[in-house]
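Data block below; observations after.
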Amino acid sequence: MKFSYALIKKLVPKLKNKKQLVDLLNEHSFEVIDAEGDSFDVSLPPNRFSDAASHFGIAHEIAAILRIDYKVVLFFNFKVKSQCLEVQPLNIEIRDKKLCRRYAAQFFSGVKIKSSSAWIQKVLKDCGFRPINNVVDIMNYVMLETGQPLHVFDADKIVKSDKRHGTSAIIIRRAKNNESIESLDGAVFKLNSDVLVIADIKSPLAIAGIKGGKKAEVGPKTKNIIVEAANFDGPNIYRISKFLNLKTDASLRFSHGLSPFLVGLGLARAGEMLEKEGARLEDFYDSRPDKHFKKIIEFDVEKFNRLTGINLSTGQAENYFKHLGFVISKNLKLSAKNSFLVEVPPVRQDIENFEDLAEEACRLYGYNNIKPAAPEVALKIAEVDDAVAFNDQLRRILIGFGTSEVYNYSF
């Protein structure tokens, strides 16, 4: 996945140069497979897409390695406020909550379509994107920055559910068999009931999590927009992407499984940037505000030291996790003397148990700093395996009868 060095440098000013960035990532986090020009390409493991497939995520990794606090990434505390209107322009209906775990949207008026700033265009080009206009470019930029895919609709092109009040209906549903959609690039796709779509009351507007449709495309005359951020079922997105032979940056991210917590971050960040462009936030919808079950795991420092051969103190271990965005809890007395409870950040969907925490501590300690040592094993007299002894005896008997042993190719 491509990243812009200029944006990482902006997020982590203490970073000296790109060589330092590459060295730090290679030693502590991810393999950098290409670092030519103004961008660099990182090989991300599939289980780290939720937190690391973004500039915020990579900046957070670098900051943690350098022991720098990075509050924005740690807490994702963007808040969304909308005006109180007599008539709410948004009307959202989710018909399949299994395939759409969270859906949020913002309605903006007073949008002026123009070219985006040179800074945004540079980041997009560094990452292989083609600048289009300020609104679409903000959607792509925020996805690169936060990791949350976004989509934008021209609200005036959506069939209204209430003509008198001008309410825009957004329906998240499965497609009908043989239903079709024309995508933004003009391709027509035949759909079936396995495909999740974003639709109005008449027809699909987008293939959920994969590609936008032509019907509600943002153009030069667009004045009112609906910005969408959602969390879709990863396995379903992967199957549909294969079925339609349609792979996009959004489908790649969703296929690996993203945290629903990213929805609020991405939408709020996009709203912040759109308001700076002169757009006015008129309405806001969220099917599931930032609620998540806390995942708390015990970390036993002595057990970690026995497992890895590292002599880490409790204070060192706590600092590692704090810089990675974990919350340390000491309110409960644990059985082990040097144990503490670790609350996992909601974006870290890869952390499940003690061994996962041990890997995080090893990463920040530095794999190259772990000294090699011979394994400590107890030596004992070799035991006789009856099955092996029987086979040897049988082989000698058969040879005595004049037979030959043959090893054939296995089928």
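Ligands are numbered from 1 in the order shown, residues from 1 within each chain, and chains are lettered A, B, ... in the order they appear in the structure tokens.
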Close residues, A:Asp137 itself excluded, 12 Å, only C-alpha atoms, min 6 positions apart in chain, as a ChimeraX atom specification: /A:113-125,129-131,143-145,150-152,218,270,273-274
Can you pull out every residue from stretch 152-367 of chain A that DSSP, working from the backbone, puts in helix (DSSP H, G or I), and format the result as number ranges by chain? A: 155-157, 234-244, 249-255, 262-276, 301-308, 314-323, 354-365, 367
Would you pick out the contacts of A:Ala175 at 12 Å or less, using only C-alpha atoms, so that residues sharing its chain but fewer than 4 positions from it are not included, and give the list as a PDB file with C-alpha atoms, in the first residue's frame?
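Output below, filename around_35.pdb:
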```
ATOM      1  CA  ARG A  95     -32.547  -3.372   5.750  1.00  0.00           C
ATOM      2  CA  ASP A  96     -29.586  -5.712   6.231  1.00  0.00           C
ATOM      3  CA  ILE A 171     -31.776   2.575   1.666  1.00  0.00           C
ATOM      4  CA  GLU A 179     -30.864  -5.524 -11.138  1.00  0.00           C
ATOM      5  CA  SER A 180     -28.090  -3.452 -12.729  1.00  0.00           C
ATOM      6  CA  ILE A 181     -26.054  -0.348 -11.991  1.00  0.00           C
ATOM      7  CA  PHE A 189     -22.806  -4.430 -13.642  1.00  0.00           C
ATOM      8  CA  LYS A 190     -25.489  -7.098 -13.318  1.00  0.00           C
ATOM      9  CA  LEU A 191     -26.277  -7.729  -9.661  1.00  0.00           C
ATOM     10  CA  ASN A 192     -27.862 -10.494  -7.605  1.00  0.00           C
ATOM     11  CA  SER A 193     -29.285 -10.824  -4.103  1.00  0.00           C
ATOM     12  CA  ASP A 194     -25.834 -11.403  -2.560  1.00  0.00           C
ATOM     13  CA  VAL A 195     -24.769  -7.867  -3.500  1.00  0.00           C
ATOM     14  CA  LEU A 196     -25.391  -5.098  -0.961  1.00  0.00           C
ATOM     15  CA  VAL A 197     -26.299  -1.763  -2.534  1.00  0.00           C
ATOM     16  CA  ILE A 198     -26.905   1.802  -1.423  1.00  0.00           C
ATOM     17  CA  ALA A 199     -30.142   2.859  -3.122  1.00  0.00           C
ATOM     18  CA  ASP A 200     -32.913   5.426  -3.212  1.00  0.00           C
ATOM     19  CA  LYS A 202     -36.210   3.523  -7.141  1.00  0.00           C
ATOM     20  CA  SER A 203     -32.752   2.144  -7.989  1.00  0.00           C
ATOM     21  CA  PRO A 204     -29.182   1.540  -6.721  1.00  0.00           C
ATOM     22  CA  LEU A 205     -26.841   4.484  -6.178  1.00  0.00           C
ATOM     23  CA  ALA A 206     -23.690   2.497  -5.361  1.00  0.00           C
ATOM     24  CA  ILE A 207     -22.346  -1.016  -4.832  1.00  0.00           C
ATOM     25  CA  ALA A 208     -21.795  -0.918  -1.081  1.00  0.00           C
ATOM     26  CA  ILE A 240     -18.775  -9.650  -4.343  1.00  0.00           C
TER      27      ILE A 240
END
```
A:Arg239 environment, 12 Å, only C-alpha atoms, sequence neighbours closer than 5 positions dropped, as a ChimeraX atom specification: /A:194-196,209-210,233-234,244-247,251-252,254-256
Close residues, A:Ile297 itself excluded, 8 Å, only C-alpha atoms, min 3 positions apart in chain, as a ChimeraX atom specification: /A:341-344,352-354
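Among the candidates A:Leu267, A:Ala187, A:Ile170, A:Leu44, the residue lying nearest to A:Pro149 is A:Leu267 (atoms considered: only C-alpha atoms).
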Name the residues of stretch 123-244 of chain A that fall into strand (DSSP E or B) according to DSSP on the backbone, using the chain letters and numbers of this document, as a PyMOL selection string. chain A and resi 150-154+160-162+167-174+180-183+188-190+196-199+204-207+211-213+225-232
Calculate how many Å separate atom CA of A:Pro289 from atom CA of A:Ala105, rounding to one decimal. 11.6 Å
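Across the model, the gap from atom CA of A:Gly212 to atom CA of A:Gln349 is 27.2 Å.
Interatomic distance, atom CA of A:Leu394 against atom CA of A:Asn408: 19.1 Å.
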What are the nearest atom pairs, with distances in Å to one decimal, for all residues of stretch 359-390 of chain A that come at most 12 Å from stretch 306-310 of chain A, using only C-alpha atoms, set out by chain and rising residue number as JSON lines?
```
{"residue": "A:Glu359", "atom": "CA", "partner": "A:Thr308", "partner_atom": "CA", "distance": 9.5}
{"residue": "A:Ala361", "atom": "CA", "partner": "A:Ile310", "partner_atom": "CA", "distance": 10.2}
{"residue": "A:Cys362", "atom": "CA", "partner": "A:Thr308", "partner_atom": "CA", "distance": 8.1}
{"residue": "A:Arg363", "atom": "CA", "partner": "A:Thr308", "partner_atom": "CA", "distance": 11.7}
{"residue": "A:Tyr365", "atom": "CA", "partner": "A:Ile310", "partner_atom": "CA", "distance": 9.0}
{"residue": "A:Gly366", "atom": "CA", "partner": "A:Ile310", "partner_atom": "CA", "distance": 10.7}
{"residue": "A:Tyr367", "atom": "CA", "partner": "A:Thr308", "partner_atom": "CA", "distance": 10.3}
{"residue": "A:Asn368", "atom": "CA", "partner": "A:Ile310", "partner_atom": "CA", "distance": 11.9}
{"residue": "A:Asn369", "atom": "CA", "partner": "A:Ile310", "partner_atom": "CA", "distance": 9.2}
{"residue": "A:Ile370", "atom": "CA", "partner": "A:Ile310", "partner_atom": "CA", "distance": 6.7}
{"residue": "A:Lys371", "atom": "CA", "partner": "A:Gly309", "partner_atom": "CA", "distance": 8.0}
{"residue": "A:Pro372", "atom": "CA", "partner": "A:Gly309", "partner_atom": "CA", "distance": 8.8}
{"residue": "A:Ala373", "atom": "CA", "partner": "A:Gly309", "partner_atom": "CA", "distance": 8.2}
{"residue": "A:Ala374", "atom": "CA", "partner": "A:Gly309", "partner_atom": "CA", "distance": 10.7}
{"residue": "A:Pro375", "atom": "CA", "partner": "A:Gly309", "partner_atom": "CA", "distance": 10.2}
{"residue": "A:Glu376", "atom": "CA", "partner": "A:Gly309", "partner_atom": "CA", "distance": 11.2}
```
If you count only C-alpha atoms, which residues fall within 7 Å of stretch 261-264 of chain A, apart from same-chain ones fewer than 4 positions away, as a compact mmCIF listing (two decimals) with N, CA and C atoms, in the first residue's frame?
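Okay, this is what ended up in selection-v2.txt:
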```
# COMPACT_ATOMS: atom_id res chain seq x y z
N GLN A 148 -10.63 5.04 6.64
CA GLN A 148 -12.05 4.79 6.46
C GLN A 148 -12.49 5.20 5.06
N ALA A 229 -20.26 7.27 5.36
CA ALA A 229 -19.20 6.44 5.94
C ALA A 229 -19.88 5.25 6.58
N ALA A 230 -19.39 4.04 6.29
CA ALA A 230 -20.08 2.85 6.79
C ALA A 230 -19.08 1.75 7.09
N ASN A 231 -19.58 0.71 7.73
CA ASN A 231 -18.76 -0.48 8.00
C ASN A 231 -19.51 -1.68 7.45
N ALA A 268 -16.25 12.57 10.52
CA ALA A 268 -16.00 13.85 11.18
C ALA A 268 -14.84 14.60 10.51
N ASP A 290 -20.35 5.80 18.44
CA ASP A 290 -19.12 5.11 18.83
C ASP A 290 -19.25 4.30 20.12
N PRO A 346 -9.99 0.32 20.13
CA PRO A 346 -11.02 -0.30 19.29
C PRO A 346 -10.60 -0.56 17.86
N VAL A 347 -9.59 0.17 17.36
CA VAL A 347 -9.14 -0.07 15.98
C VAL A 347 -8.22 -1.27 15.85
```
Would you pick out the contacts of stretch 30-38 of chain A at 10 Å or less, using only C-alpha atoms, so that residues sharing its chain but fewer than 5 positions from it are not included, and give the list as number ranges by chain? A: 1-7, 18-19, 21-25, 43-45, 48, 52, 58, 61, 122-123, 125-127
Deliver the residues from the most recent selection as a file, using N, CA and C atoms, as a short mmCIF file (atom, residue, chain, number, x, y, z; two decimals), in the first residue's frame.
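Printed below is again25.cif as written:
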```
data_model
loop_
_atom_site.label_atom_id
_atom_site.label_comp_id
_atom_site.auth_asym_id
_atom_site.auth_seq_id
_atom_site.Cartn_x
_atom_site.Cartn_y
_atom_site.Cartn_z
N MET A 1 0.84 -1.19 0.00
CA MET A 1 0.00 0.00 0.00
C MET A 1 0.88 1.25 0.00
N LYS A 2 0.52 2.23 -0.85
CA LYS A 2 1.34 3.42 -1.00
C LYS A 2 1.01 4.48 0.05
N PHE A 3 2.04 5.18 0.50
CA PHE A 3 1.89 6.27 1.45
C PHE A 3 2.72 7.47 0.98
N SER A 4 2.26 8.66 1.37
CA SER A 4 2.97 9.89 1.03
C SER A 4 3.92 10.26 2.16
N TYR A 5 5.22 10.35 1.83
CA TYR A 5 6.19 10.72 2.87
C TYR A 5 5.91 12.14 3.37
N ALA A 6 5.50 13.03 2.48
CA ALA A 6 5.24 14.42 2.87
C ALA A 6 4.16 14.49 3.96
N LEU A 7 3.11 13.68 3.84
CA LEU A 7 2.04 13.70 4.83
C LEU A 7 2.50 13.09 6.16
N LYS A 18 13.39 10.30 5.18
CA LYS A 18 12.68 9.09 4.75
C LYS A 18 13.48 7.83 5.07
N LYS A 19 14.80 7.93 5.05
CA LYS A 19 15.61 6.76 5.39
C LYS A 19 15.35 6.31 6.82
N LEU A 21 12.61 6.80 8.48
CA LEU A 21 11.26 6.20 8.48
C LEU A 21 11.32 4.75 8.02
N VAL A 22 12.01 4.51 6.90
CA VAL A 22 12.10 3.16 6.35
C VAL A 22 12.79 2.22 7.33
N ASP A 23 13.89 2.68 7.94
CA ASP A 23 14.63 1.85 8.90
C ASP A 23 13.78 1.51 10.12
N LEU A 24 13.05 2.48 10.64
CA LEU A 24 12.21 2.25 11.82
C LEU A 24 11.10 1.26 11.53
N LEU A 25 10.45 1.42 10.37
CA LEU A 25 9.36 0.50 10.01
C LEU A 25 9.89 -0.91 9.80
N SER A 43 4.31 -3.26 2.86
CA SER A 43 3.63 -4.55 2.82
C SER A 43 2.94 -4.76 4.17
N LEU A 44 1.63 -4.54 4.20
CA LEU A 44 0.87 -4.66 5.45
C LEU A 44 0.36 -6.08 5.62
N PRO A 45 0.49 -6.67 6.81
CA PRO A 45 -0.12 -7.98 7.05
C PRO A 45 -1.64 -7.83 7.05
N ARG A 48 -3.64 -6.16 10.01
CA ARG A 48 -3.33 -4.81 10.47
C ARG A 48 -3.98 -3.72 9.61
N ALA A 52 -3.63 0.22 10.51
CA ALA A 52 -2.38 0.68 9.89
C ALA A 52 -2.48 1.01 8.41
N ILE A 58 0.29 4.73 10.18
CA ILE A 58 1.75 4.66 10.02
C ILE A 58 2.43 5.72 10.89
N GLU A 61 2.56 4.43 14.37
CA GLU A 61 3.63 3.45 14.53
C GLU A 61 4.98 4.16 14.73
N LYS A 122 -1.17 16.77 -4.17
CA LYS A 122 0.14 16.13 -4.08
C LYS A 122 0.05 14.80 -3.34
N VAL A 123 -0.66 14.78 -2.21
CA VAL A 123 -0.80 13.54 -1.43
C VAL A 123 -1.51 12.47 -2.26
N LYS A 125 -1.64 12.21 -5.56
CA LYS A 125 -0.75 11.73 -6.63
C LYS A 125 0.35 10.83 -6.08
N ASP A 126 0.88 11.18 -4.91
CA ASP A 126 1.90 10.33 -4.27
C ASP A 126 1.38 8.92 -4.05
N CYS A 127 0.08 8.82 -3.76
CA CYS A 127 -0.53 7.52 -3.43
C CYS A 127 -1.22 6.87 -4.62
#
```
With only C-alpha atoms as the atoms that count, which of A:Val388, A:Ile132, A:Leu364, A:Leu281 lies nearest to A:Phe321? A:Leu364
